[in-house]
There are 2 protein chains.
Amino acid sequence: VSPPPTTSHPGLRLVACALLGLALYLLPAPAGLVGPDGRFFGPGESATVGATSLVAGWHVLAVFAAAVLGFVLRPFPMGAVTIFALTVLALTRTLTFERVLSGFADPTVWLVVAAFLIAGVVIRSGLGRRIALTLVVGLGRSTLGLGYALCASEMILGTVIPSNTARGGGVLAPIARALSEALGSKPHDRPERVGAYLMLVGAHANLIAAAMYLTGMAANPLVRDAARKVFGIEFGWGTWLAGSIVPALVSFAALPLVIGRLARPTMDDVAVARAAAREQLAAMGKFSRHERLTALVGAGLVALWATKPLHGLDTTLVAWMGIGALLILQVEDWQNLVRNDGAWDALIWVGGILTMATALRDLGVIGWFAWSVQAWVAPFSGVVVLVLLALVYFYSMYAFSMLTAHIAAMVAAFLAIAKTAMVAPLVVVALLAYFSNLCACLTPYSSGSVIIYFGNGYVSSHRWFVVGFVVSLVHLVVWLGVGGLWWKVLGWW
Amino acid sequence: VSPPPTTSHPGLRLVACALLGLALYLLPAPAGLVGPDGRFFGPGESATVGATSLVAGWHVLAVFAAAVLGFVLRPFPMGAVTIFALTVLALTRTLTFERVLSGFADPTVWLVVAAFLIAGVVIRSGLGRRIALTLVVGLGRSTLGLGYALCASEMILGTVIPSNTARGGGVLAPIARALSEALGSKPHDRPERVGAYLMLVGAHANLIAAAMYLTGMAANPLVRDAARKVFGIEFGWGTWLAGSIVPALVSFAALPLVIGRLARPTMDDVAVARAAAREQLAAMGKFSRHERLTALVGAGLVALWATKPLHGLDTTLVAWMGIGALLILQVEDWQNLVRNDGAWDALIWVGGILTMATALRDLGVIGWFAWSVQAWVAPFSGVVVLVLLALVYFYSMYAFSMLTAHIAAMVAAFLAIAKTAMVAPLVVVALLAYFSNLCACLTPYSSGSVIIYFGNGYVSSHRWFVVGFVVSLVHLVVWLGVGGLWWKVLGWW
């Protein structure tokens, strides 16, 4: 996507990844991969419990760890690293080849692909450029203003589009891209000018909006369900927002400033750019047919995504309907759609990571991990347990490529463990609920929206990891600190 | 891929497809979709037998028929038509969305993708051009000579590479492409000059080689197994070739002539082109590093594909290993690989067709079809039954996108039905064995190799169907006529 972070030969870095994988692979699998009662931790394959599948889980973990190191060191682009990892899994017969390919049939992958394709149309139709120029003219007194424009958009759209991938990747990422280009910043031509900044603000703002609303992310209701089951608490739309509103607003306020430190825009001619944008906007004249139709289809998509409870149509299916409409209305032809490298690159690595993440769950590794955590926090008590659990829950997201999978695999177990700490239930639920989304700040492969912002190519994967880690620290301070105080005000503890 | 065959508005043609689909969809499903004994014909879902799934099978058939009409009329490119079809299947809840996406995890799809990517490297490295120029210099006295060069290559490689997709798509299609370009024929620039001719010869020669050897196509052993089970006949490598050698040689001899009629190369300066090729070859000088490494990896692929019985590595996995090697050797970088539109276009439509074909089988439609055929041929006897069965078997390939699926779904049933006709068993097995491969001549989506030749974009889908139908008639004459006589000579009847 962008030049490798170091100048050493890719071979050396590839060897480093391979060595990590090999070392883990050859280590004996932890005995605890079978629970003390001999029960297998995997949800699916209890019939196949036995040394083989447990070792298989450990081996998947070894290959996955090597791949993640590969994403950081970048001996090769992420797609290539993923192909290597999948090939190793098949060659070592850790997974069957059918299983290795299973990630490529995941609806999440195809939502990402569809969002890439739609974003391409928004850009090529000129609509993205018009919206971007309008934003620059209206809010472009500074790059900071543009960052806040993205935050505000997320906060508003977060109330109506319950898929964070659709919202961030399908609606706002193309606008952020057009904004960057309108300001003279392209992935391979001055990405530092403003593009890298906008991509990072956009992606992280998307996750704050995801945390803010029960309907901010597709799998948030799973947290509510788990809270009902474990604590008998109804953590509904209103309660969710009551707890999140203060820390979320603080996060939104801080985000453009923090990213401005970590990826300071180098453009120093904002006023000139703004004047130029005003001229360019005037030069664009009236809305073209393609712009009007793209806006129409976009409005249709937002409407269908927002009303999902009424019709139940899969988010990805809705995106496909949008693509179908753009084709039938002849806004875009198929050849242009297919010529979208970013979409296919993402298909490969997102699909591959999903294969591995699913295998980790099905082969019991996630269950074993949750159980180990329980054993590990047993000596502590009260708030210490809660904070430890929250941190482990947050940073375990390094091993996941889908917020939904992370939540589905772990939230119920972690709520159950936290219950033993005897801390105020509402605080426990709140922390895990919000962290369920904020944790996606860590990696460039954590969620569809992040994948798409990252896929624009303004920020190297190495740097995305670094910025993500710093943002995670800011989130911890805001949500544990400000959040903790606010929940005290609410009387939750 | 190429301009639509008619000049009418795409909307009209789309409406025609939609009307066909709607009419079939609304017709009541044939009562016979459940067999006379109430048994469901689907292999997988006997637990879900009931009106719903039978109607679902019929509905998939309606959408599939509309999609195939769409491939012929081409209101939109095949990828777009496939997206429309899949969207309709999901919107009508005929299939779950997970199921709609299942075709994208099929190893066949990814073999096709891998072959596209490898072909791109063969071309860009210059190796394809060098081989092509050498062929033109050596055999390019006429375009006919080049056609025979492709046939001879298929006949030789057919003995060692048992996957027709790997052989045709991975090895020979890139050479045919380079040949076309070396002779000044590109998909959008004089495709008629020689490219269309070479693509058609290459694809159909691949299928003749697939029919010629037991090891010419991955699923041929299924035919041998079924013959053993139904007739107790051992139709092994030698017997297979004994029966095929004469009609196959006749087919190879006829093919370049027949295609020369149907897609006459318009180039009339063969001598000039050959002289130019000689000069260009000289100008290329010595093998470059990229060419040598590509040749090395190519040789490794052929070696691994040829020795599959020894190591059992999946054909697609081997292709991925080749891609991995090309990346690690830095012959090609990932961005160039990903920039291969043809691969992603094929991924979409091949994946979508596989979804539908698999659903037709799992929902009992194929089983119902075989049973209906049995009832239909019951009044006839002897050779008439055999010929009817062979024809139905051959032309039913319109509904399949994988030779393997066609064979797996039908050959055992058809052998069993044919047994009732009391014709010489060896002739029955021979006909179905060879037709199992030749039938892929009918459509541009029949097999991986065909998909890749077609995907080069020299021949419109409409025209591919027309040429395929004519070739099918030639095959019938050769294999029923010459084949029948030859099998008499062999004493098979």
# chains A, B, ... in the order shown; residues from 1 in each chain; ligands from 1
>>> closest_atom_pairs(of="chain B", to="chain A", cutoff="9 Å", atoms="only C-alpha atoms", output="JSON lines")
{"residue": "B:Val1", "atom": "CA", "partner": "A:Gln335", "partner_atom": "CA", "distance": 8.0}
{"residue": "B:Pro10", "atom": "CA", "partner": "A:Ile328", "partner_atom": "CA", "distance": 8.7}
{"residue": "B:Gly11", "atom": "CA", "partner": "A:Ile328", "partner_atom": "CA", "distance": 7.8}
{"residue": "B:Phe76", "atom": "CA", "partner": "A:Trp334", "partner_atom": "CA", "distance": 7.7}
{"residue": "B:Pro77", "atom": "CA", "partner": "A:Trp334", "partner_atom": "CA", "distance": 6.7}
{"residue": "B:Gly79", "atom": "CA", "partner": "A:Trp334", "partner_atom": "CA", "distance": 7.5}
{"residue": "B:Ala80", "atom": "CA", "partner": "A:Trp334", "partner_atom": "CA", "distance": 6.4}
{"residue": "B:Ile83", "atom": "CA", "partner": "A:Gly324", "partner_atom": "CA", "distance": 7.2}
{"residue": "B:Phe84", "atom": "CA", "partner": "A:Gly324", "partner_atom": "CA", "distance": 6.3}
{"residue": "B:Thr87", "atom": "CA", "partner": "A:Leu317", "partner_atom": "CA", "distance": 6.7}
{"residue": "B:Ala90", "atom": "CA", "partner": "A:Leu317", "partner_atom": "CA", "distance": 7.4}
{"residue": "B:Leu91", "atom": "CA", "partner": "A:Leu313", "partner_atom": "CA", "distance": 7.7}
{"residue": "B:Phe97", "atom": "CA", "partner": "A:Asp314", "partner_atom": "CA", "distance": 7.5}
{"residue": "B:Glu98", "atom": "CA", "partner": "A:Pro107", "partner_atom": "CA", "distance": 6.8}
{"residue": "B:Arg99", "atom": "CA", "partner": "A:Ala105", "partner_atom": "CA", "distance": 8.6}
{"residue": "B:Val100", "atom": "CA", "partner": "A:Ala105", "partner_atom": "CA", "distance": 8.7}
{"residue": "B:Leu101", "atom": "CA", "partner": "A:Ala105", "partner_atom": "CA", "distance": 5.1}
{"residue": "B:Ser102", "atom": "CA", "partner": "A:Ala105", "partner_atom": "CA", "distance": 5.2}
{"residue": "B:Gly103", "atom": "CA", "partner": "A:Ala105", "partner_atom": "CA", "distance": 7.1}
{"residue": "B:Phe104", "atom": "CA", "partner": "A:Ala105", "partner_atom": "CA", "distance": 5.2}
{"residue": "B:Ala105", "atom": "CA", "partner": "A:Leu101", "partner_atom": "CA", "distance": 5.1}
{"residue": "B:Asp106", "atom": "CA", "partner": "A:Leu101", "partner_atom": "CA", "distance": 7.1}
{"residue": "B:Pro107", "atom": "CA", "partner": "A:Glu98", "partner_atom": "CA", "distance": 6.8}
{"residue": "B:Trp110", "atom": "CA", "partner": "A:Leu101", "partner_atom": "CA", "distance": 8.4}
{"residue": "B:Leu313", "atom": "CA", "partner": "A:Leu91", "partner_atom": "CA", "distance": 7.7}
{"residue": "B:Asp314", "atom": "CA", "partner": "A:Phe97", "partner_atom": "CA", "distance": 7.5}
{"residue": "B:Thr316", "atom": "CA", "partner": "A:Phe97", "partner_atom": "CA", "distance": 8.8}
{"residue": "B:Leu317", "atom": "CA", "partner": "A:Thr87", "partner_atom": "CA", "distance": 6.7}
{"residue": "B:Val318", "atom": "CA", "partner": "A:Thr87", "partner_atom": "CA", "distance": 8.9}
{"residue": "B:Trp320", "atom": "CA", "partner": "A:Thr87", "partner_atom": "CA", "distance": 6.8}
{"residue": "B:Met321", "atom": "CA", "partner": "A:Thr87", "partner_atom": "CA", "distance": 6.8}
{"residue": "B:Ile323", "atom": "CA", "partner": "A:Ile83", "partner_atom": "CA", "distance": 8.6}
{"residue": "B:Gly324", "atom": "CA", "partner": "A:Phe84", "partner_atom": "CA", "distance": 6.3}
{"residue": "B:Leu327", "atom": "CA", "partner": "A:Ala80", "partner_atom": "CA", "distance": 7.6}
{"residue": "B:Ile328", "atom": "CA", "partner": "A:Gly11", "partner_atom": "CA", "distance": 7.7}
{"residue": "B:Asp333", "atom": "CA", "partner": "A:Phe76", "partner_atom": "CA", "distance": 8.5}
{"residue": "B:Trp334", "atom": "CA", "partner": "A:Ala80", "partner_atom": "CA", "distance": 6.4}
{"residue": "B:Gln335", "atom": "CA", "partner": "A:Asp341", "partner_atom": "CA", "distance": 7.9}
{"residue": "B:Val338", "atom": "CA", "partner": "A:Asp341", "partner_atom": "CA", "distance": 5.8}
{"residue": "B:Arg339", "atom": "CA", "partner": "A:Asp341", "partner_atom": "CA", "distance": 5.5}
{"residue": "B:Asn340", "atom": "CA", "partner": "A:Arg339", "partner_atom": "CA", "distance": 7.9}
{"residue": "B:Asp341", "atom": "CA", "partner": "A:Arg339", "partner_atom": "CA", "distance": 5.5}
{"residue": "B:Gly342", "atom": "CA", "partner": "A:Val338", "partner_atom": "CA", "distance": 8.3}
{"residue": "B:Trp344", "atom": "CA", "partner": "A:Val338", "partner_atom": "CA", "distance": 6.7}
{"residue": "B:Asp345", "atom": "CA", "partner": "A:Val338", "partner_atom": "CA", "distance": 6.3}
>>> write_last_selection(atoms="N, CA and C atoms", output="CSV table (one decimal), in the first residue's frame")
chain,number,residue,atom,x,y,z
B,1,VAL,N,-16.4,-7.7,-21.5
B,1,VAL,CA,-15.2,-8.2,-22.1
B,1,VAL,C,-15.1,-7.7,-23.5
B,10,PRO,N,-29.4,-1.9,-23.5
B,10,PRO,CA,-29.2,-3.0,-22.6
B,10,PRO,C,-30.5,-3.2,-21.7
B,11,GLY,N,-31.2,-2.1,-21.5
B,11,GLY,CA,-32.5,-2.3,-20.7
B,11,GLY,C,-33.4,-3.3,-21.3
B,76,PHE,N,-25.5,-6.8,-19.8
B,76,PHE,CA,-24.4,-6.3,-19.0
B,76,PHE,C,-23.3,-7.4,-19.0
B,77,PRO,N,-22.1,-7.1,-18.7
B,77,PRO,CA,-21.0,-8.1,-18.6
B,77,PRO,C,-21.4,-9.2,-17.6
B,79,GLY,N,-20.1,-10.6,-15.1
B,79,GLY,CA,-19.9,-10.4,-13.7
B,79,GLY,C,-21.1,-9.6,-13.1
B,80,ALA,N,-21.6,-8.6,-13.9
B,80,ALA,CA,-22.7,-7.8,-13.4
B,80,ALA,C,-24.0,-8.7,-13.4
B,83,ILE,N,-24.0,-10.8,-10.4
B,83,ILE,CA,-24.4,-10.1,-9.2
B,83,ILE,C,-25.9,-9.9,-9.1
B,84,PHE,N,-26.5,-9.5,-10.3
B,84,PHE,CA,-28.0,-9.4,-10.3
B,84,PHE,C,-28.6,-10.7,-9.8
B,87,THR,N,-28.2,-11.4,-6.2
B,87,THR,CA,-29.0,-10.5,-5.4
B,87,THR,C,-30.5,-10.9,-5.4
B,90,ALA,N,-31.0,-13.8,-3.1
B,90,ALA,CA,-31.0,-13.5,-1.7
B,90,ALA,C,-32.3,-12.7,-1.3
B,91,LEU,N,-32.7,-11.8,-2.2
B,91,LEU,CA,-33.9,-10.9,-1.9
B,91,LEU,C,-35.1,-11.8,-1.8
B,97,PHE,N,-28.2,-15.8,2.6
B,97,PHE,CA,-27.1,-15.0,2.0
B,97,PHE,C,-25.8,-15.7,2.2
B,98,GLU,N,-25.6,-16.4,3.3
B,98,GLU,CA,-24.4,-17.2,3.5
B,98,GLU,C,-24.2,-18.2,2.3
B,99,ARG,N,-25.3,-18.8,2.0
B,99,ARG,CA,-25.3,-19.8,0.9
B,99,ARG,C,-25.0,-19.1,-0.5
B,100,VAL,N,-25.6,-17.9,-0.7
B,100,VAL,CA,-25.3,-17.2,-1.9
B,100,VAL,C,-23.8,-16.9,-2.1
B,101,LEU,N,-23.1,-16.7,-1.0
B,101,LEU,CA,-21.7,-16.4,-1.1
B,101,LEU,C,-20.8,-17.6,-1.1
B,102,SER,N,-21.4,-18.8,-0.9
B,102,SER,CA,-20.6,-20.0,-0.7
B,102,SER,C,-19.7,-20.3,-1.9
B,103,GLY,N,-20.1,-20.0,-3.1
B,103,GLY,CA,-19.3,-20.3,-4.3
B,103,GLY,C,-17.9,-19.6,-4.3
B,104,PHE,N,-17.8,-18.5,-3.5
B,104,PHE,CA,-16.6,-17.8,-3.5
B,104,PHE,C,-15.5,-18.4,-2.7
B,105,ALA,N,-15.8,-19.5,-2.0
B,105,ALA,CA,-14.8,-20.2,-1.2
B,105,ALA,C,-14.5,-21.6,-1.9
B,106,ASP,N,-14.9,-21.7,-3.2
B,106,ASP,CA,-14.7,-23.0,-3.9
B,106,ASP,C,-13.2,-23.0,-4.4
B,107,PRO,N,-12.5,-24.2,-4.2
B,107,PRO,CA,-11.2,-24.2,-4.7
B,107,PRO,C,-11.1,-24.0,-6.2
B,110,TRP,N,-10.6,-20.4,-7.0
B,110,TRP,CA,-9.3,-19.9,-6.7
B,110,TRP,C,-8.2,-20.4,-7.5
B,313,LEU,N,-1.0,-32.9,-3.1
B,313,LEU,CA,-1.3,-31.5,-2.8
B,313,LEU,C,-2.4,-31.0,-3.8
B,314,ASP,N,-3.3,-30.3,-3.2
B,314,ASP,CA,-4.4,-29.7,-4.0
B,314,ASP,C,-3.9,-28.9,-5.2
B,316,THR,N,-5.0,-26.3,-6.6
B,316,THR,CA,-5.0,-24.9,-6.3
B,316,THR,C,-3.9,-24.4,-5.4
B,317,LEU,N,-3.7,-25.3,-4.4
B,317,LEU,CA,-2.6,-25.0,-3.4
B,317,LEU,C,-1.3,-24.9,-4.2
B,318,VAL,N,-1.0,-25.8,-5.1
B,318,VAL,CA,0.2,-25.8,-5.9
B,318,VAL,C,0.3,-24.5,-6.6
B,320,TRP,N,-0.9,-21.7,-5.7
B,320,TRP,CA,-0.6,-20.6,-4.8
B,320,TRP,C,0.8,-20.7,-4.4
B,321,MET,N,1.4,-21.9,-4.3
B,321,MET,CA,2.8,-22.0,-4.0
B,321,MET,C,3.6,-21.3,-5.1
B,323,ILE,N,2.6,-18.8,-6.9
B,323,ILE,CA,2.5,-17.4,-6.7
B,323,ILE,C,3.4,-16.9,-5.6
B,324,GLY,N,3.4,-17.7,-4.5
B,324,GLY,CA,4.3,-17.3,-3.4
B,324,GLY,C,5.7,-17.3,-3.8
B,327,LEU,N,6.5,-14.2,-5.8
B,327,LEU,CA,6.6,-13.0,-4.9
B,327,LEU,C,8.0,-13.0,-4.2
B,328,ILE,N,8.3,-14.2,-3.6
B,328,ILE,CA,9.5,-14.2,-2.8
B,328,ILE,C,10.8,-14.0,-3.6
B,333,ASP,N,5.7,-8.0,-8.2
B,333,ASP,CA,5.3,-7.5,-6.9
B,333,ASP,C,3.7,-7.6,-6.8
B,334,TRP,N,3.3,-7.5,-5.5
B,334,TRP,CA,1.9,-7.8,-5.2
B,334,TRP,C,1.0,-6.8,-5.9
B,335,GLN,N,1.4,-5.6,-6.0
B,335,GLN,CA,0.5,-4.6,-6.6
B,335,GLN,C,0.2,-4.9,-8.1
B,338,VAL,N,-2.3,-7.9,-8.2
B,338,VAL,CA,-3.6,-7.5,-7.8
B,338,VAL,C,-4.3,-6.7,-8.9
B,339,ARG,N,-3.5,-6.1,-9.8
B,339,ARG,CA,-4.1,-5.2,-10.8
B,339,ARG,C,-4.5,-6.1,-12.0
B,340,ASN,N,-5.1,-7.3,-11.8
B,340,ASN,CA,-5.5,-8.2,-12.8
B,340,ASN,C,-7.0,-8.3,-12.9
B,341,ASP,N,-7.6,-7.3,-13.6
B,341,ASP,CA,-9.1,-7.2,-13.6
B,341,ASP,C,-9.7,-8.6,-14.0
B,342,GLY,N,-9.1,-9.2,-15.0
B,342,GLY,CA,-9.7,-10.5,-15.5
B,342,GLY,C,-9.9,-11.5,-14.3
B,344,TRP,N,-10.5,-11.0,-11.2
B,344,TRP,CA,-11.5,-10.6,-10.2
B,344,TRP,C,-12.9,-10.7,-10.9
B,345,ASP,N,-12.9,-10.3,-12.1
B,345,ASP,CA,-14.2,-10.5,-12.9
B,345,ASP,C,-14.6,-12.0,-12.9
>>> residues_around(residues="Phe394 in chain A", least_positions_apart="2", cutoff="8 Å", atoms="only C-alpha atoms", output="PyMOL selection string")
chain A and resi 390-392+396-397+435-436+438-439
>>> write_last_selection(atoms="all heavy atoms", output="PDB file, in the first residue's frame")
ATOM      1  N   ALA A 390     -10.698  -5.841  31.546  1.00  0.00           N
ATOM      2  CA  ALA A 390     -10.983  -4.883  30.485  1.00  0.00           C
ATOM      3  C   ALA A 390      -9.763  -4.722  29.586  1.00  0.00           C
ATOM      4  O   ALA A 390      -9.885  -4.665  28.355  1.00  0.00           O
ATOM      5  CB  ALA A 390     -11.392  -3.541  31.090  1.00  0.00           C
ATOM      6  N   LEU A 391      -8.574  -4.680  30.188  1.00  0.00           N
ATOM      7  CA  LEU A 391      -7.352  -4.522  29.382  1.00  0.00           C
ATOM      8  C   LEU A 391      -7.113  -5.746  28.506  1.00  0.00           C
ATOM      9  O   LEU A 391      -6.798  -5.625  27.318  1.00  0.00           O
ATOM     10  CB  LEU A 391      -6.140  -4.298  30.307  1.00  0.00           C
ATOM     11  CG  LEU A 391      -6.111  -2.942  31.009  1.00  0.00           C
ATOM     12  CD1 LEU A 391      -4.899  -2.849  31.934  1.00  0.00           C
ATOM     13  CD2 LEU A 391      -6.087  -1.806  29.984  1.00  0.00           C
ATOM     14  N   VAL A 392      -7.263  -6.920  29.099  1.00  0.00           N
ATOM     15  CA  VAL A 392      -7.055  -8.136  28.304  1.00  0.00           C
ATOM     16  C   VAL A 392      -8.074  -8.196  27.169  1.00  0.00           C
ATOM     17  O   VAL A 392      -7.750  -8.535  26.028  1.00  0.00           O
ATOM     18  CB  VAL A 392      -7.163  -9.382  29.199  1.00  0.00           C
ATOM     19  CG1 VAL A 392      -7.155 -10.645  28.349  1.00  0.00           C
ATOM     20  CG2 VAL A 392      -6.013  -9.401  30.195  1.00  0.00           C
ATOM     21  N   SER A 396      -6.742  -8.106  23.378  1.00  0.00           N
ATOM     22  CA  SER A 396      -6.895  -9.365  22.653  1.00  0.00           C
ATOM     23  C   SER A 396      -7.395  -9.113  21.232  1.00  0.00           C
ATOM     24  O   SER A 396      -7.358 -10.007  20.391  1.00  0.00           O
ATOM     25  CB  SER A 396      -7.864 -10.290  23.387  1.00  0.00           C
ATOM     26  OG  SER A 396      -9.151  -9.698  23.434  1.00  0.00           O
ATOM     27  N   MET A 397      -7.829  -7.887  20.957  1.00  0.00           N
ATOM     28  CA  MET A 397      -8.317  -7.574  19.617  1.00  0.00           C
ATOM     29  C   MET A 397      -7.207  -7.683  18.576  1.00  0.00           C
ATOM     30  O   MET A 397      -7.477  -7.751  17.382  1.00  0.00           O
ATOM     31  CB  MET A 397      -8.953  -6.179  19.605  1.00  0.00           C
ATOM     32  CG  MET A 397      -9.699  -5.841  18.329  1.00  0.00           C
ATOM     33  SD  MET A 397     -11.154  -6.909  18.023  1.00  0.00           S
ATOM     34  CE  MET A 397     -11.402  -6.603  16.261  1.00  0.00           C
ATOM     35  N   PHE A 435     -15.569  -0.941  25.214  1.00  0.00           N
ATOM     36  CA  PHE A 435     -14.286  -1.489  24.751  1.00  0.00           C
ATOM     37  C   PHE A 435     -14.471  -2.452  23.584  1.00  0.00           C
ATOM     38  O   PHE A 435     -13.553  -2.631  22.776  1.00  0.00           O
ATOM     39  CB  PHE A 435     -13.576  -2.206  25.913  1.00  0.00           C
ATOM     40  CG  PHE A 435     -12.823  -1.276  26.819  1.00  0.00           C
ATOM     41  CD1 PHE A 435     -13.092   0.081  26.833  1.00  0.00           C
ATOM     42  CD2 PHE A 435     -11.829  -1.754  27.666  1.00  0.00           C
ATOM     43  CE1 PHE A 435     -12.404   0.949  27.677  1.00  0.00           C
ATOM     44  CE2 PHE A 435     -11.126  -0.894  28.499  1.00  0.00           C
ATOM     45  CZ  PHE A 435     -11.419   0.453  28.511  1.00  0.00           C
ATOM     46  N   SER A 436     -15.651  -3.059  23.492  1.00  0.00           N
ATOM     47  CA  SER A 436     -15.921  -3.972  22.380  1.00  0.00           C
ATOM     48  C   SER A 436     -15.727  -3.294  21.038  1.00  0.00           C
ATOM     49  O   SER A 436     -15.447  -3.952  20.038  1.00  0.00           O
ATOM     50  CB  SER A 436     -17.363  -4.497  22.447  1.00  0.00           C
ATOM     51  OG  SER A 436     -17.503  -5.427  23.486  1.00  0.00           O
ATOM     52  N   LEU A 438     -14.075   0.150  20.813  1.00  0.00           N
ATOM     53  CA  LEU A 438     -12.868   0.984  20.819  1.00  0.00           C
ATOM     54  C   LEU A 438     -11.609   0.170  20.533  1.00  0.00           C
ATOM     55  O   LEU A 438     -10.644   0.679  19.949  1.00  0.00           O
ATOM     56  CB  LEU A 438     -12.724   1.690  22.177  1.00  0.00           C
ATOM     57  CG  LEU A 438     -13.874   2.634  22.535  1.00  0.00           C
ATOM     58  CD1 LEU A 438     -13.764   3.073  23.996  1.00  0.00           C
ATOM     59  CD2 LEU A 438     -13.876   3.844  21.600  1.00  0.00           C
ATOM     60  N   CYS A 439     -11.623  -1.111  20.925  1.00  0.00           N
ATOM     61  CA  CYS A 439     -10.439  -1.952  20.768  1.00  0.00           C
ATOM     62  C   CYS A 439     -10.028  -2.097  19.297  1.00  0.00           C
ATOM     63  O   CYS A 439      -8.891  -2.475  19.008  1.00  0.00           O
ATOM     64  CB  CYS A 439     -10.681  -3.326  21.381  1.00  0.00           C
ATOM     65  SG  CYS A 439     -12.012  -4.232  20.585  1.00  0.00           S
TER      66      CYS A 439
END
>>> select_by_dssp(residues="range 271-387 of chain A", states="helix (DSSP H, G or I)", output="ChimeraX atom specification")
/A:271-284,289-306,308-311,315-328,334-338,341-362,365-377,382-387
>>> atom_distance(atom1="CA of Met356 in chain A", atom2="CA of Val63 in chain A")
8.6 Å
>>> residues_around(residues="range 301-307 of chain A", least_positions_apart="6", cutoff="7 Å", atoms="only C-alpha atoms", output="JSON, numbers by chain")
{"A": [160, 161, 162, 315, 318, 319, 322]}
>>> residues_around(residues="Ala196 in chain B", least_positions_apart="3", cutoff="8 Å", atoms="only C-alpha atoms", output="tab-separated table (two decimals) with all heavy atoms, in the first residue's frame")
chain	number	residue	atom	x	y	z
B	191	PRO	N	-9.03	-7.90	-32.53
B	191	PRO	CA	-9.10	-9.26	-31.98
B	191	PRO	C	-9.28	-10.31	-33.08
B	191	PRO	O	-8.87	-11.46	-32.91
B	191	PRO	CB	-10.34	-9.20	-31.06
B	191	PRO	CG	-11.15	-8.08	-31.58
B	191	PRO	CD	-10.15	-7.07	-32.07
B	192	GLU	N	-9.89	-9.91	-34.19
B	192	GLU	CA	-10.16	-10.86	-35.27
B	192	GLU	C	-8.91	-11.26	-36.02
B	192	GLU	O	-8.90	-12.26	-36.74
B	192	GLU	CB	-11.14	-10.24	-36.28
B	192	GLU	CG	-12.54	-10.11	-35.75
B	192	GLU	CD	-13.03	-11.43	-35.21
B	192	GLU	OE1	-12.98	-12.43	-35.94
B	192	GLU	OE2	-13.43	-11.46	-34.02
B	193	ARG	N	-7.86	-10.45	-35.89
B	193	ARG	CA	-6.65	-10.68	-36.67
B	193	ARG	C	-6.14	-12.10	-36.45
B	193	ARG	O	-5.88	-12.82	-37.42
B	193	ARG	CB	-5.58	-9.65	-36.26
B	193	ARG	CG	-4.34	-9.65	-37.09
B	193	ARG	CD	-3.49	-8.43	-36.74
B	193	ARG	NE	-2.07	-8.71	-36.94
B	193	ARG	CZ	-1.47	-8.67	-38.13
B	193	ARG	NH1	-2.16	-8.37	-39.20
B	193	ARG	NH2	-0.19	-8.94	-38.24
B	199	MET	N	-7.64	-18.24	-29.24
B	199	MET	CA	-8.32	-18.52	-27.97
B	199	MET	C	-9.29	-19.68	-28.13
B	199	MET	O	-9.38	-20.57	-27.27
B	199	MET	CB	-9.10	-17.28	-27.49
B	199	MET	CG	-8.23	-16.09	-27.13
B	199	MET	SD	-6.99	-16.49	-25.90
B	199	MET	CE	-5.62	-15.50	-26.49
B	200	LEU	N	-10.03	-19.68	-29.24
B	200	LEU	CA	-11.01	-20.75	-29.45
B	200	LEU	C	-10.32	-22.09	-29.68
B	200	LEU	O	-10.72	-23.13	-29.14
B	200	LEU	CB	-11.93	-20.39	-30.62
B	200	LEU	CG	-12.93	-19.27	-30.29
B	200	LEU	CD1	-13.54	-18.68	-31.55
B	200	LEU	CD2	-14.03	-19.82	-29.38
B	263	ALA	N	-14.03	-18.54	-37.06
B	263	ALA	CA	-13.39	-17.30	-36.59
B	263	ALA	C	-12.15	-17.10	-37.45
B	263	ALA	O	-11.03	-17.08	-36.93
B	263	ALA	CB	-13.05	-17.40	-35.11
B	265	PRO	N	-9.01	-16.04	-39.09
B	265	PRO	CA	-8.06	-14.97	-38.80
B	265	PRO	C	-7.97	-14.02	-39.99
B	265	PRO	O	-7.88	-14.47	-41.13
B	265	PRO	CB	-6.73	-15.71	-38.59
B	265	PRO	CG	-7.08	-17.15	-38.45
B	265	PRO	CD	-8.37	-17.35	-39.16
B	458	TYR	N	-11.01	-11.83	-26.11
B	458	TYR	CA	-10.98	-11.73	-27.57
B	458	TYR	C	-12.31	-12.11	-28.21
B	458	TYR	O	-12.58	-11.75	-29.34
B	458	TYR	CB	-9.89	-12.65	-28.14
B	458	TYR	CG	-8.48	-12.14	-27.97
B	458	TYR	CD1	-7.76	-12.40	-26.81
B	458	TYR	CD2	-7.87	-11.37	-28.97
B	458	TYR	CE1	-6.47	-11.93	-26.65
B	458	TYR	CE2	-6.58	-10.90	-28.82
B	458	TYR	CZ	-5.88	-11.18	-27.65
B	458	TYR	OH	-4.60	-10.70	-27.51
B	459	VAL	N	-13.13	-12.86	-27.47
B	459	VAL	CA	-14.36	-13.41	-28.04
B	459	VAL	C	-15.52	-13.03	-27.14
B	459	VAL	O	-15.45	-13.22	-25.92
B	459	VAL	CB	-14.25	-14.96	-28.13
B	459	VAL	CG1	-15.50	-15.54	-28.77
B	459	VAL	CG2	-13.00	-15.37	-28.89
